[in-house]
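> Handing over protein21.pdb, PDB, C-alpha atoms, pLDDT in the B column.
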ATOM      1  CA  GLU E  24     116.866 111.728  90.548  1.00 91.00           C
ATOM      2  CA  VAL E  25     118.537 111.096  87.192  1.00 92.00           C
ATOM      3  CA  ASN E  26     120.196 114.539  87.018  1.00 94.00           C
ATOM      4  CA  PHE E  27     121.412 114.186  90.593  1.00 95.00           C
ATOM      5  CA  GLY E  28     122.852 110.760  89.822  1.00 95.00           C
ATOM      6  CA  ILE E  29     124.569 111.963  86.634  1.00 95.00           C
ATOM      7  CA  LYS E  30     126.250 114.888  88.400  1.00 97.00           C
ATOM      8  CA  LEU E  31     127.502 112.764  91.285  1.00 97.00           C
ATOM      9  CA  LEU E  32     128.654 110.003  88.937  1.00 97.00           C
ATOM     10  CA  GLN E  33     130.684 112.557  86.974  1.00 97.00           C
ATOM     11  CA  VAL E  34     132.368 113.756  90.166  1.00 97.00           C
ATOM     12  CA  VAL E  35     133.229 110.222  91.331  1.00 97.00           C
ATOM     13  CA  ARG E  36     134.404 109.097  87.899  1.00 97.00           C
ATOM     14  CA  THR E  37     136.630 112.182  87.436  1.00 97.00           C
ATOM     15  CA  ASP E  38     138.215 111.659  90.852  1.00 96.00           C
ATOM     16  CA  LEU E  39     138.950 107.981  90.213  1.00 96.00           C
ATOM     17  CA  GLU E  40     140.288 108.658  86.699  1.00 96.00           C
ATOM     18  CA  ASP E  41     142.615 111.319  88.135  1.00 95.00           C
ATOM     19  CA  ILE E  42     143.911 108.919  90.798  1.00 95.00           C
ATOM     20  CA  ASN E  43     144.502 106.250  88.170  1.00 94.00           C
ATOM     21  CA  ALA E  44     146.438 108.756  86.046  1.00 95.00           C
ATOM     22  CA  ILE E  45     148.525 109.816  89.052  1.00 93.00           C
ATOM     23  CA  ILE E  46     149.433 106.200  89.830  1.00 91.00           C
ATOM     24  CA  SER E  47     149.953 104.939  86.274  1.00 91.00           C
ATOM     25  CA  SER E  48     151.416 107.899  84.430  1.00 87.00           C
ATOM     26  CA  GLY E  49     152.635 110.287  87.091  1.00 85.00           C
ATOM     27  CA  LYS E  50     150.015 112.997  86.659  1.00 88.00           C
ATOM     28  CA  LYS E  51     150.731 115.993  88.859  1.00 92.00           C
ATOM     29  CA  GLN E  52     148.836 115.941  92.162  1.00 92.00           C
ATOM     30  CA  THR E  53     146.877 118.800  93.649  1.00 94.00           C
ATOM     31  CA  ASN E  54     145.865 119.290  97.267  1.00 95.00           C
ATOM     32  CA  HIS E  55     142.459 117.930  96.290  1.00 95.00           C
ATOM     33  CA  HIS E  56     144.039 114.721  94.986  1.00 95.00           C
ATOM     34  CA  ARG E  57     146.241 114.315  98.082  1.00 95.00           C
ATOM     35  CA  GLU E  58     143.266 114.626 100.403  1.00 96.00           C
ATOM     36  CA  LEU E  59     141.225 112.311  98.206  1.00 96.00           C
ATOM     37  CA  ILE E  60     143.918 109.593  98.207  1.00 95.00           C
ATOM     38  CA  HIS E  61     144.382 110.007 101.963  1.00 95.00           C
ATOM     39  CA  GLN E  62     140.670 109.463 102.613  1.00 96.00           C
ATOM     40  CA  LEU E  63     140.284 106.540 100.209  1.00 95.00           C
ATOM     41  CA  THR E  64     143.308 104.644 101.556  1.00 95.00           C
ATOM     42  CA  LYS E  65     141.742 104.911 105.017  1.00 95.00           C
ATOM     43  CA  GLY E  66     138.388 103.642 103.745  1.00 95.00           C
ATOM     44  CA  ILE E  67     136.745 107.030 104.320  1.00 95.00           C
ATOM     45  CA  ILE E  68     134.131 108.405 101.925  1.00 96.00           C
ATOM     46  CA  PRO E  69     135.319 111.784 100.534  1.00 96.00           C
ATOM     47  CA  ASN E  70     133.184 114.605 101.883  1.00 94.00           C
ATOM     48  CA  HIS E  71     132.257 115.919  98.438  1.00 96.00           C
ATOM     49  CA  TRP E  72     130.801 112.495  97.549  1.00 97.00           C
ATOM     50  CA  LEU E  73     128.424 112.635 100.520  1.00 95.00           C
ATOM     51  CA  ARG E  74     125.431 114.254  98.853  1.00 95.00           C
ATOM     52  CA  TYR E  75     122.668 112.000 100.195  1.00 94.00           C
ATOM     53  CA  THR E  76     121.923 110.446 103.580  1.00 92.00           C
ATOM     54  CA  ILE E  77     123.800 107.284 104.566  1.00 92.00           C
ATOM     55  CA  PRO E  78     124.729 105.687 107.927  1.00 91.00           C
ATOM     56  CA  LYS E  79     127.739 107.373 109.504  1.00 89.00           C
ATOM     57  CA  SER E  80     129.570 104.043 109.856  1.00 88.00           C
ATOM     58  CA  CYS E  81     129.486 103.309 106.114  1.00 93.00           C
ATOM     59  CA  SER E  82     132.848 102.507 104.479  1.00 94.00           C
ATOM     60  CA  VAL E  83     133.885 103.787 101.068  1.00 96.00           C
ATOM     61  CA  ALA E  84     133.847 100.225  99.647  1.00 95.00           C
ATOM     62  CA  ALA E  85     130.235  99.702 100.753  1.00 94.00           C
ATOM     63  CA  TRP E  86     129.316 103.164  99.458  1.00 96.00           C
ATOM     64  CA  ILE E  87     130.761 102.449  95.999  1.00 96.00           C
ATOM     65  CA  THR E  88     128.822  99.164  95.762  1.00 95.00           C
ATOM     66  CA  ASP E  89     125.596 100.855  96.854  1.00 95.00           C
ATOM     67  CA  PHE E  90     126.086 103.876  94.589  1.00 96.00           C
ATOM     68  CA  THR E  91     126.691 101.560  91.627  1.00 96.00           C
ATOM     69  CA  ALA E  92     123.389  99.778  92.306  1.00 95.00           C
ATOM     70  CA  ARG E  93     121.581 103.123  92.520  1.00 96.00           C
ATOM     71  CA  VAL E  94     123.011 104.261  89.182  1.00 96.00           C
ATOM     72  CA  LYS E  95     122.080 100.945  87.537  1.00 96.00           C
ATOM     73  CA  GLN E  96     118.482 101.389  88.688  1.00 95.00           C
ATOM     74  CA  LEU E  97     118.354 104.882  87.185  1.00 95.00           C
ATOM     75  CA  VAL E  98     119.838 103.585  83.916  1.00 94.00           C
ATOM     76  CA  THR E  99     117.158 100.870  83.731  1.00 92.00           C
ATOM     77  CA  ILE E 100     114.326 103.319  84.409  1.00 90.00           C
ATOM     78  CA  SER E 101     115.724 105.928  81.997  1.00 91.00           C
ATOM     79  CA  SER E 102     116.084 103.318  79.250  1.00 90.00           C
ATOM     80  CA  SER E 103     112.466 102.243  79.692  1.00 87.00           C
ATOM     81  CA  VAL E 104     111.241 105.830  79.491  1.00 83.00           C
ATOM     82  CA  SER E 105     113.351 106.610  76.422  1.00 84.00           C
ATOM     83  CA  LYS E 106     111.869 103.606  74.596  1.00 85.00           C
ATOM     84  CA  GLN E 107     108.262 103.732  75.805  1.00 81.00           C
ATOM     85  CA  GLY E 108     107.771 107.309  76.984  1.00 76.00           C
ATOM     86  CA  ALA E 109     106.712 108.663  80.388  1.00 69.00           C
ATOM     87  CA  PRO E 110     103.958 106.002  80.890  1.00 72.00           C
ATOM     88  CA  ALA E 111     106.781 103.458  81.326  1.00 72.00           C
ATOM     89  CA  LEU E 112     107.418 104.937  84.767  1.00 75.00           C
ATOM     90  CA  LYS E 113     104.149 103.354  85.905  1.00 76.00           C
ATOM     91  CA  THR E 114     105.374  99.879  84.996  1.00 80.00           C
ATOM     92  CA  CYS E 115     108.772 100.121  86.707  1.00 88.00           C
ATOM     93  CA  THR E 116     109.331  98.398  90.025  1.00 91.00           C
ATOM     94  CA  VAL E 117     111.330 100.828  92.155  1.00 93.00           C
ATOM     95  CA  TRP E 118     113.939 100.016  94.776  1.00 94.00           C
ATOM     96  CA  MET E 119     112.853 102.884  96.988  1.00 94.00           C
ATOM     97  CA  GLY E 120     115.838 102.625  99.309  1.00 93.00           C
ATOM     98  CA  GLY E 121     118.043 103.114  96.261  1.00 95.00           C
ATOM     99  CA  LEU E 122     116.610 106.526  95.444  1.00 96.00           C
ATOM    100  CA  PHE E 123     118.562 109.598  96.461  1.00 95.00           C
ATOM    101  CA  ASN E 124     115.350 111.245  97.681  1.00 94.00           C
ATOM    102  CA  PRO E 125     112.714 108.574  98.422  1.00 94.00           C
ATOM    103  CA  GLU E 126     110.376 111.077 100.103  1.00 93.00           C
ATOM    104  CA  ALA E 127     110.128 112.954  96.810  1.00 93.00           C
ATOM    105  CA  PHE E 128     109.177 109.723  95.035  1.00 92.00           C
ATOM    106  CA  VAL E 129     106.252 109.130  97.396  1.00 94.00           C
ATOM    107  CA  THR E 130     105.157 112.756  97.097  1.00 94.00           C
ATOM    108  CA  ALA E 131     105.353 112.549  93.302  1.00 92.00           C
ATOM    109  CA  THR E 132     103.166 109.416  93.177  1.00 92.00           C
ATOM    110  CA  ARG E 133     100.536 111.182  95.263  1.00 94.00           C
ATOM    111  CA  GLN E 134     100.607 114.276  93.052  1.00 94.00           C
ATOM    112  CA  CYS E 135     100.429 112.112  89.929  1.00 91.00           C
ATOM    113  CA  VAL E 136      97.254 110.329  91.092  1.00 93.00           C
ATOM    114  CA  ALA E 137      95.650 113.552  92.325  1.00 94.00           C
ATOM    115  CA  GLN E 138      96.295 115.338  89.027  1.00 93.00           C
ATOM    116  CA  ALA E 139      95.166 112.421  86.854  1.00 91.00           C
ATOM    117  CA  ASN E 140      91.850 112.123  88.699  1.00 93.00           C
ATOM    118  CA  SER E 141      91.268 115.828  89.519  1.00 94.00           C
ATOM    119  CA  TRP E 142      91.362 115.059  93.252  1.00 94.00           C
ATOM    120  CA  SER E 143      92.847 117.229  95.965  1.00 94.00           C
ATOM    121  CA  LEU E 144      95.927 115.919  97.786  1.00 94.00           C
ATOM    122  CA  GLU E 145      94.054 116.049 101.087  1.00 92.00           C
ATOM    123  CA  GLU E 146      91.524 113.524  99.805  1.00 92.00           C
ATOM    124  CA  LEU E 147      94.120 110.842  99.182  1.00 94.00           C
ATOM    125  CA  MET E 148      95.224 108.122 101.578  1.00 93.00           C
ATOM    126  CA  LEU E 149      98.039 105.648 101.038  1.00 94.00           C
ATOM    127  CA  ASP E 150      96.833 102.053 100.878  1.00 93.00           C
ATOM    128  CA  VAL E 151      99.629  99.492 101.137  1.00 94.00           C
ATOM    129  CA  THR E 152      99.530  95.841 100.121  1.00 94.00           C
ATOM    130  CA  VAL E 153     102.446  93.458 100.636  1.00 94.00           C
ATOM    131  CA  ALA E 154     102.488  90.535  98.206  1.00 92.00           C
ATOM    132  CA  ASP E 155     103.698  87.058  99.173  1.00 91.00           C
ATOM    133  CA  GLU E 156     106.725  85.646  97.349  1.00 86.00           C
ATOM    134  CA  GLN E 157     104.805  83.688  94.711  1.00 83.00           C
ATOM    135  CA  GLU E 158     102.119  86.324  94.268  1.00 84.00           C
ATOM    136  CA  GLN E 159     101.965  88.734  91.338  1.00 82.00           C
ATOM    137  CA  PRO E 160      99.641  91.589  92.331  1.00 81.00           C
ATOM    138  CA  SER E 161      97.821  93.673  89.747  1.00 84.00           C
ATOM    139  CA  PHE E 162      98.471  97.383  89.396  1.00 86.00           C
ATOM    140  CA  ASP E 163      96.123 100.128  88.223  1.00 86.00           C
ATOM    141  CA  ASP E 164      96.726 103.791  87.383  1.00 86.00           C
ATOM    142  CA  CYS E 165      96.726 104.714  91.071  1.00 90.00           C
ATOM    143  CA  SER E 166      99.283 102.145  92.244  1.00 92.00           C
ATOM    144  CA  PHE E 167     103.057 101.823  92.169  1.00 93.00           C
ATOM    145  CA  ALA E 168     105.391  98.852  92.742  1.00 93.00           C
ATOM    146  CA  VAL E 169     108.168  99.061  95.314  1.00 95.00           C
ATOM    147  CA  GLU E 170     110.766  96.442  96.213  1.00 94.00           C
ATOM    148  CA  GLY E 171     113.646  96.008  98.645  1.00 94.00           C
ATOM    149  CA  LEU E 172     111.763  96.935 101.817  1.00 96.00           C
ATOM    150  CA  LYS E 173     112.565  95.075 105.039  1.00 96.00           C
ATOM    151  CA  LEU E 174     110.269  94.493 108.007  1.00 97.00           C
ATOM    152  CA  SER E 175     111.890  94.726 111.431  1.00 96.00           C
ATOM    153  CA  GLY E 176     110.481  92.676 114.321  1.00 95.00           C
ATOM    154  CA  ALA E 177     107.595  91.057 112.456  1.00 96.00           C
ATOM    155  CA  VAL E 178     106.635  89.011 109.409  1.00 96.00           C
ATOM    156  CA  CYS E 179     103.964  89.730 106.813  1.00 95.00           C
ATOM    157  CA  ARG E 180     102.015  86.858 105.246  1.00 94.00           C
ATOM    158  CA  THR E 181      98.865  87.238 103.161  1.00 94.00           C
ATOM    159  CA  ASN E 182      99.214  90.975 103.821  1.00 94.00           C
ATOM    160  CA  GLN E 183      98.845  90.526 107.584  1.00 95.00           C
ATOM    161  CA  LEU E 184     101.414  91.257 110.283  1.00 96.00           C
ATOM    162  CA  SER E 185     102.554  88.816 112.947  1.00 96.00           C
ATOM    163  CA  ILE E 186     105.169  89.279 115.657  1.00 95.00           C
ATOM    164  CA  SER E 187     108.428  87.484 114.865  1.00 93.00           C
ATOM    165  CA  SER E 188     111.719  86.781 116.607  1.00 90.00           C
ATOM    166  CA  GLU E 189     113.544  87.460 113.341  1.00 90.00           C
ATOM    167  CA  ILE E 190     115.402  90.762 113.250  1.00 91.00           C
ATOM    168  CA  LEU E 191     114.589  91.534 109.605  1.00 93.00           C
ATOM    169  CA  THR E 192     112.403  89.873 106.990  1.00 94.00           C
ATOM    170  CA  ALA E 193     112.230  90.862 103.338  1.00 94.00           C
ATOM    171  CA  LEU E 194     108.986  92.180 101.872  1.00 94.00           C
ATOM    172  CA  HIS E 195     108.703  90.578  98.433  1.00 88.00           C
ATOM    173  CA  LEU E 196     106.800  93.257  96.522  1.00 93.00           C
ATOM    174  CA  THR E 197     104.894  96.172  97.975  1.00 95.00           C
ATOM    175  CA  LYS E 198     102.070  97.989  96.232  1.00 94.00           C
ATOM    176  CA  LEU E 199     101.597 101.646  97.112  1.00 95.00           C
ATOM    177  CA  ARG E 200      98.137 102.740  96.039  1.00 94.00           C
ATOM    178  CA  TRP E 201      96.606 106.155  96.560  1.00 95.00           C
ATOM    179  CA  ILE E 202      92.876 105.946  97.222  1.00 93.00           C
ATOM    180  CA  ARG E 203      90.243 108.566  97.812  1.00 91.00           C
ATOM    181  CA  THR E 204      89.422 108.405 101.495  1.00 84.00           C
ATOM    182  CA  ASP E 205      86.052 108.796 103.140  1.00 75.00           C
ATOM    183  CA  GLY E 206      87.699 109.836 106.377  1.00 67.00           C
ATOM    184  CA  GLU E 207      86.981 106.571 108.209  1.00 69.00           C
ATOM    185  CA  ARG E 208      89.852 104.408 109.434  1.00 67.00           C
ATOM    186  CA  LYS E 209      89.541 100.635 109.099  1.00 74.00           C
ATOM    187  CA  GLU E 210      89.774  98.510 112.225  1.00 76.00           C
ATOM    188  CA  ASN E 211      92.644  96.194 113.161  1.00 85.00           C
ATOM    189  CA  LEU E 212      95.243  98.326 111.403  1.00 92.00           C
ATOM    190  CA  ILE E 213      98.530  99.456 112.867  1.00 94.00           C
ATOM    191  CA  GLU E 214     100.467 102.495 111.719  1.00 94.00           C
ATOM    192  CA  LEU E 215     104.082 101.542 111.003  1.00 96.00           C
ATOM    193  CA  PRO E 216     106.933 103.995 110.432  1.00 97.00           C
ATOM    194  CA  VAL E 217     108.992 103.618 107.259  1.00 97.00           C
ATOM    195  CA  TYR E 218     112.602 104.600 107.918  1.00 96.00           C
ATOM    196  CA  LEU E 219     115.320 105.372 105.392  1.00 95.00           C
ATOM    197  CA  ASN E 220     117.751 102.865 106.921  1.00 93.00           C
ATOM    198  CA  SER E 221     118.372 100.783 110.036  1.00 92.00           C
ATOM    199  CA  THR E 222     119.666 103.734 112.049  1.00 92.00           C
ATOM    200  CA  ARG E 223     116.012 104.888 112.196  1.00 94.00           C
ATOM    201  CA  GLU E 224     117.206 108.479 112.211  1.00 93.00           C
ATOM    202  CA  GLN E 225     115.169 109.569 109.181  1.00 94.00           C
ATOM    203  CA  LEU E 226     111.443 108.873 108.974  1.00 96.00           C
ATOM    204  CA  LEU E 227     110.168 108.807 105.386  1.00 95.00           C
ATOM    205  CA  PHE E 228     106.437 108.286 105.959  1.00 95.00           C
ATOM    206  CA  THR E 229     104.014 105.936 107.726  1.00 95.00           C
ATOM    207  CA  VAL E 230     101.792 103.134 106.431  1.00 95.00           C
ATOM    208  CA  ASP E 231      98.747 101.313 107.800  1.00 94.00           C
ATOM    209  CA  LEU E 232      98.886  97.521 107.646  1.00 95.00           C
ATOM    210  CA  PRO E 233      96.432  94.889 108.939  1.00 95.00           C
ATOM    211  CA  VAL E 234      97.329  92.776 111.957  1.00 95.00           C
ATOM    212  CA  ALA E 235      96.823  88.994 111.884  1.00 94.00           C
ATOM    213  CA  GLN E 236      94.078  87.491 114.025  1.00 93.00           C
ATOM    214  CA  GLY E 237      95.225  86.810 117.577  1.00 92.00           C
ATOM    215  CA  GLU E 238      97.958  89.430 117.530  1.00 93.00           C
ATOM    216  CA  GLU E 239      97.900  92.363 119.945  1.00 92.00           C
ATOM    217  CA  ILE E 240      98.559  95.769 118.419  1.00 92.00           C
ATOM    218  CA  HIS E 241     100.355  97.027 121.540  1.00 92.00           C
ATOM    219  CA  GLU E 242     103.006  94.313 121.123  1.00 94.00           C
ATOM    220  CA  PHE E 243     104.031  95.746 117.762  1.00 95.00           C
ATOM    221  CA  ARG E 244     104.553  99.151 119.344  1.00 93.00           C
ATOM    222  CA  GLU E 245     106.447  97.707 122.303  1.00 94.00           C
ATOM    223  CA  ARG E 246     108.797  95.816 119.996  1.00 94.00           C
ATOM    224  CA  GLY E 247     109.362  98.841 117.755  1.00 95.00           C
ATOM    225  CA  VAL E 248     108.188  97.077 114.610  1.00 96.00           C
ATOM    226  CA  ALA E 249     109.022  99.203 111.561  1.00 97.00           C
ATOM    227  CA  ILE E 250     109.762  99.064 107.859  1.00 97.00           C
ATOM    228  CA  ILE E 251     113.305  99.780 106.674  1.00 96.00           C
ATOM    229  CA  SER E 252     113.710 101.205 103.186  1.00 95.00           C
ATOM    230  CA  SER E 253     117.351 100.228 102.676  1.00 91.00           C
ATOM    231  CA  THR E 254     119.707  97.886 104.508  1.00 87.00           C
ATOM    232  CA  ALA E 255     122.436  97.933 101.842  1.00 81.00           C
ATOM    233  CA  LEU E 256     124.741 100.154 103.923  1.00 79.00           C
ATOM    234  CA  ASN E 257     124.203  98.659 107.373  1.00 71.00           C
TER     235      ASN E 257
END
Take the structure in the file and give it back as structure tokens.

Amino acid sequence: EVNFGIKLLQVVRTDLEDINAIISSGKKQTNHHRELIHQLTKGIIPNHWLRYTIPKSCSVAAWITDFTARVKQLVTISSSVSKQGAPALKTCTVWMGGLFNPEAFVTATRQCVAQANSWSLEELMLDVTVADEQEQPSFDDCSFAVEGLKLSGAVCRTNQLSISSEILTALHLTKLRWIRTDGERKENLIELPVYLNSTREQLLFTVDLPVAQGEEIHEFRERGVAIISSTALN
């Protein structure tokens, strides 16, 4: 993630510095610069900046704002690790939708827990808990904190789902915890898809969450209730 972000940041920064030099001091243009200026003045994201998945309708202004937020997250995490070592990664709350490859993050958390406990990957199941706004959940060596998720078509209170007329509701803090499964599935759970963004074109993974008393599971499926990882570029 960090190396990817550094390389892309260097590309973007070099391009913008070149454009500034062309405008302010008359630096000689190349075909690359002409195409770059043409795309930016039309609000189009340059093709060589498009190195991770975003909605097709995204403007260059929105992309710059989102990319800046992604880089800031990586700077914060990197600073923590440089000061406290690798264990600091366990204490960082991650904006998962702001990762360039969120699927790799989830895979890495699973591998981390399996290796630390000498368990096989097949034995592990993802247990998800959504904290209420005022709640501060505890985290152990098998759990990871994620923020910025949105729930589409439902609300989650006291870690239970209820149908809602609201289009999107924010999930305050989500705990991803890998547990050793006995193969039995708990009752009154619904499997929700977690999508990269609101286009729902890219499925990241699925989670099981409990349904509130009185709610019908089939209604959640009929309404297409899902979790959205990032809405920053909608």
> List every residue of region 48-80 of chain E that has an atom at most 12 Å from any atom of region 89-111 of chain E, and for each one report the closest atom pair and its distance in Å to one decimal, counting only C-alpha atoms, with rows sorted by chain and then by increasing residue number, as a tab-separated table.

residue	atom	partner	partner_atom	distance
E:Ile68	CA	E:Phe90	CA	11.8
E:Trp72	CA	E:Phe90	CA	10.3
E:Leu73	CA	E:Phe90	CA	10.8
E:Arg74	CA	E:Phe90	CA	11.2
E:Tyr75	CA	E:Phe90	CA	10.4
E:Thr76	CA	E:Phe90	CA	11.9
E:Ile77	CA	E:Asp89	CA	10.2
> Can you pull out every residue within 12 Å of Ala84 (chain E), counting only C-alpha atoms, but drop anything in the same chain fewer than 4 positions away, and send it as a PyMOL selection string?
chain E and resi 62-69+80+88-91+255-256
> One decimal, Å: what's the distance from CA of Thr192 (chain E) over to CA of Leu174 (chain E), could you say?
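Between these atoms lies a distance of 5.2 Å.
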> Excluding Val129 (chain E) and its own-chain neighbours fewer than 6 positions away, which residues fall within 9 Å of it when counting only C-alpha atoms? Please give them as number ranges by chain.
E: 199, 227-228
> Nearest to Ser143 (chain E): which of E:Val230, E:Val217, E:Leu59, E:Ile202 is it, counting all atoms listed in the file?
E:Ile202
> May I ask which of the residues E:Cys135, E:Leu194, E:Leu122, E:Leu212 is the closest one to Gly28 (chain E), counting only C-alpha atoms?
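The closest residue to Gly28 (chain E) is E:Leu122.
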> Check the smallest atom-to-atom distance from each of E:Asn182, E:Asp164, E:Ala177, E:Val35 to Asn140 (chain E) using only C-alpha atoms, then report the winner.
E:Asp164
> In Å, how far is it from CA of Phe128 (chain E) to CA of Val25 (chain E)?
12.3 Å
> For a quick check of understanding, using all atoms listed in the file, which of E:Lys51, E:Arg36, E:Lys30, E:Lys198 has the smallest distance to Cys115 (chain E)?
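Among the listed residues, E:Lys198 lies closest to Cys115 (chain E).
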> Can you work out which one of E:His241, E:His56, E:Arg246, E:Lys79 has the shortest atom-to-atom distance to Glu189 (chain E), counting only C-alpha atoms?
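Using only C-alpha atoms, the shortest distance to Glu189 (chain E) belongs to E:Arg246.
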> In Å, with one decimal, what is the gap from CA of Glu156 (chain E) to CA of Val117 (chain E)?
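CA of Val117 (chain E) lies at a distance of 16.7 Å from CA of Glu156 (chain E).
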> How would you write, as JSON, numbers by chain, the residues chosen by the PyMOL selection byres ((chain E and resi 159) around 12) on this structure?
{"E": [152, 153, 154, 155, 156, 157, 158, 160, 161, 162, 168, 195, 196, 197, 198]}
> Keeping C-alpha atoms for every residue in the selection just given, could you write it to a file as a PDB file, keeping the file's coordinate frame?

ATOM      1  CA  THR E 152      99.530  95.841 100.121  1.00 94.00           C
ATOM      2  CA  VAL E 153     102.446  93.458 100.636  1.00 94.00           C
ATOM      3  CA  ALA E 154     102.488  90.535  98.206  1.00 92.00           C
ATOM      4  CA  ASP E 155     103.698  87.058  99.173  1.00 91.00           C
ATOM      5  CA  GLU E 156     106.725  85.646  97.349  1.00 86.00           C
ATOM      6  CA  GLN E 157     104.805  83.688  94.711  1.00 83.00           C
ATOM      7  CA  GLU E 158     102.119  86.324  94.268  1.00 84.00           C
ATOM      8  CA  PRO E 160      99.641  91.589  92.331  1.00 81.00           C
ATOM      9  CA  SER E 161      97.821  93.673  89.747  1.00 84.00           C
ATOM     10  CA  PHE E 162      98.471  97.383  89.396  1.00 86.00           C
ATOM     11  CA  ALA E 168     105.391  98.852  92.742  1.00 93.00           C
ATOM     12  CA  HIS E 195     108.703  90.578  98.433  1.00 88.00           C
ATOM     13  CA  LEU E 196     106.800  93.257  96.522  1.00 93.00           C
ATOM     14  CA  THR E 197     104.894  96.172  97.975  1.00 95.00           C
ATOM     15  CA  LYS E 198     102.070  97.989  96.232  1.00 94.00           C
TER      16      LYS E 198
END
> Rank E:Arg203, E:Lys50, E:Arg244, E:Ser175 by their smallest atom-to-atom distance to Ser141 (chain E), using only C-alpha atoms, and report the top residue only.
E:Arg203
> Please expand the PyMOL selection byres ((chain E and resi 247-252) around 6) into the concrete residues it hits in this file, giving the result as an MDAnalysis selection string.
chainID E and resid 120 172:176 215:220 243:246 253
> Care to translate the PyMOL selection byres ((chain E and resi 146) around 9) into actual residues of this file, as a list in words?
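Taken over the shown coordinates, the PyMOL selection byres ((chain E and resi 146) around 9) returns Ala137, Trp142, Ser143, Leu144, Glu145, Leu147, Met148, Ile202, Arg203, Thr204, Asp205 and Gly206 of chain E.
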> Any idea what's packed within 10 Å of Pro233 (chain E), counting only C-alpha atoms, ignoring anything in its chain fewer than 5 positions away? Could you give it as a VMD selection string?
chain E and resid 151 to 152 179 181 to 185 209 to 214 240
> Atoms are missing here; could region 137-149 of chain E be completed with N, CA, C and O atoms and written as a compact mmCIF listing (two decimals), keeping the file's coordinate frame?

# COMPACT_ATOMS: atom_id res chain seq x y z
N ALA E 137 96.57 112.44 92.09
CA ALA E 137 95.65 113.55 92.32
C ALA E 137 95.39 114.31 91.03
O ALA E 137 94.23 114.64 90.70
N GLN E 138 96.43 114.58 90.27
CA GLN E 138 96.30 115.34 89.03
C GLN E 138 95.53 114.54 87.97
O GLN E 138 94.66 115.09 87.28
N ALA E 139 95.81 113.25 87.87
CA ALA E 139 95.17 112.42 86.85
C ALA E 139 93.67 112.27 87.09
O ALA E 139 92.89 112.10 86.14
N ASN E 140 93.26 112.34 88.37
CA ASN E 140 91.85 112.12 88.70
C ASN E 140 91.13 113.39 89.15
O ASN E 140 89.97 113.33 89.56
N SER E 141 91.83 114.55 89.08
CA SER E 141 91.27 115.83 89.52
C SER E 141 90.79 115.77 90.98
O SER E 141 89.72 116.25 91.33
N TRP E 142 91.63 115.13 91.82
CA TRP E 142 91.36 115.06 93.25
C TRP E 142 92.33 115.99 93.97
O TRP E 142 93.41 116.30 93.48
N SER E 143 91.93 116.43 95.15
CA SER E 143 92.85 117.23 95.96
C SER E 143 93.78 116.28 96.73
O SER E 143 93.42 115.13 97.00
N LEU E 144 94.96 116.75 97.06
CA LEU E 144 95.93 115.92 97.79
C LEU E 144 95.39 115.47 99.14
O LEU E 144 95.66 114.36 99.60
N GLU E 145 94.59 116.35 99.76
CA GLU E 145 94.05 116.05 101.09
C GLU E 145 93.06 114.90 101.07
O GLU E 145 92.82 114.26 102.10
N GLU E 146 92.50 114.61 99.91
CA GLU E 146 91.52 113.52 99.80
C GLU E 146 92.18 112.14 99.72
O GLU E 146 91.50 111.14 99.89
N LEU E 147 93.46 112.11 99.46
CA LEU E 147 94.12 110.84 99.18
C LEU E 147 94.76 110.22 100.42
O LEU E 147 95.36 110.90 101.25
N MET E 148 94.62 108.90 100.50
CA MET E 148 95.22 108.12 101.58
C MET E 148 96.04 107.00 100.96
O MET E 148 95.65 106.41 99.95
N LEU E 149 97.17 106.68 101.57
CA LEU E 149 98.04 105.65 101.04
C LEU E 149 97.58 104.28 101.53
O LEU E 149 97.55 104.00 102.73
